[in-house]
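First the structure, in the form of structure tokens, and then the observations on it.
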Amino acid sequence: MKTDIIINRDALYALRELPSESVNCCVTSPPYYGLRDYGLDAQIGREDTPEHYIGRLVEVFRELRRVLKDDGTFWLNIADTYCGTGNKGSYTDPKNPKGRNGQAVSIARTAAGCKQKDLIGIPWLLAFALRSDGWYLRSDIIWLKENPMPESCRDRPSRCYEHIFLLTKSKKYYYDAAAIAEPIAPGTAARYRQGRGAGHKYAEEVPGQGKVQGINKTRSGGYYDDALMPTTRNKRDVWLINTVPYKGGHFAAYPPKLAETCILAGCPKGGIVIDPFFGSGTTGLAAKNLDRHYIGIELNTEYCALAGARIGGGNT
Ligand SMILES: C[S@@+](CC[C@H](N)C(=O)[O-])C[C@H]1O[C@@H](n2cnc3c(N)ncnc32)[C@H](O)[C@@H]1O
């Protein structure tokens with residue numbers, strides 16, 4: 001199968017033509033519900049109801065599941081939408097009747113069971129629908145941003161996070177915990193160094209040091225020194241990653257570090273990462289930076305060109 005390619009097509013149709021069990025990992029961010037207008041009839045995100053939007057995504061990701069290897073991982077970035085609060089209503093810019101390409105043109109969609117101003121709950125509706133469709137729902141990672149988009153609201157806290165769901169095809173799957181391990185907290189390091197203290201029931205007499213230790217004791221009876229002490233812990237499920245400005249003409253690019261973290265954990269070196277909503281190609285860029293291959297699928301021809309130039313041009 002050809003890799004390091006960008007397929008300019010609707011995600012569902014492009015996936016249908018890829019061989020089964022051929023890619024290791026998917027990292028993607030589909031268009032959010034009712035938020036932007038990417039200016040093409042087949043685009044996902046402008047459906048009349050959340051149910052229709054979720055139904056289309058489930059269909060795309062069902063095809064992805066077929067294409068994914070049995071031990072593959074799927075990292076899905078998604079955020080929520082408020083009911084009926086689109087700031088442009090059904091306004092149409094006469095100069096851009098289909099909306100400006102990718103620019104935020106939210107639409108005032110209502111949703112069954114929601115009142116105006118209610119959060120619809122899109123991330124969890126989608127996660128539950130995917131789980132019902134056969135995916136294993138393994139983690140809800142909070143992508144926390146210190147520099148979120150400013151919001152004008154004064155009657156609720158401003159939003160500063162999105163979800164990354166880790167979904168898998170099987171119960172057992174490729175996951176390199178060591179590749180994304182994080183440093184232990186300074187307090188934990190101090191505690192390790194200190195041992196359990198003289199008052200602890202496992203404290204022992206150490207020649208020249210008095211009563212100390214316990215936690216630092218090795219099986220062979222020696223004591224850990226700093227060089228032996230654990231310096232990392234398993235990565236937690238809140239990831240602080242700030243957005244980085246991308247001036248290339250796409251308004252919804254995620255930061256390369258976000259894609260890189262998912263790829264490091266979810267795709268072996270030399271493996272293939274797919275992104276069916278490729279946009280400006282951040283996933284492909286991250287894959288190349290980490291010696292993996294990529295397949296990008298994107299409906300919008302201009303974005304395909306943008307992504308190709310960006311990936312070809314290096315690691316920004
Ligand atoms: C949120 S953006 C992805 C941004 C990307 N993660 C990046 O860093 O640039 C979603 C993308 O999905 C594309 N898209 C919308 N509907 C699509 C469809 N049916 N098939 C393929 N791509 C589609 C849009 O054109 C848009 O570029």
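In the structure tokens, chains take letters A, B, ... by order of appearance, with residues numbered from 1 within each chain and ligands from 1 in the order shown.
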Point to revise | Nearby polymer residues, ligand 1, at most 6 Å, only C-alpha atoms and all ligand atoms, as a list in words | key: Asp10, Ala11, Thr28, Ser29, Pro30, Pro31, Tyr38, Ala42, Gln43, Ile44, Ala252, Ala253, Tyr254, Pro276, Phe277, Phe278, Gly279, Ser280, Gly281, Thr282, Ile297, Glu298, Leu299 and Asn300 of chain A
Point to revise | 12 Å contact set for A:Leu285, only C-alpha atoms, chain neighbours under 2 positions out, as a PyMOL selection string | key: chain A and resi 4-6+27+253-260+263+273-275+278-283+287-296+306-316
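What separates atom CA of A:Arg236 from atom CA of A:Ile120 is a distance of 26.7 Å.
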Check your understanding: Hey, which of A:Leu35, A:Cys304, A:Ala179, A:Met149 ends up closest to A:Gly284? Count only C-alpha atoms.
Key -> A:Cys304
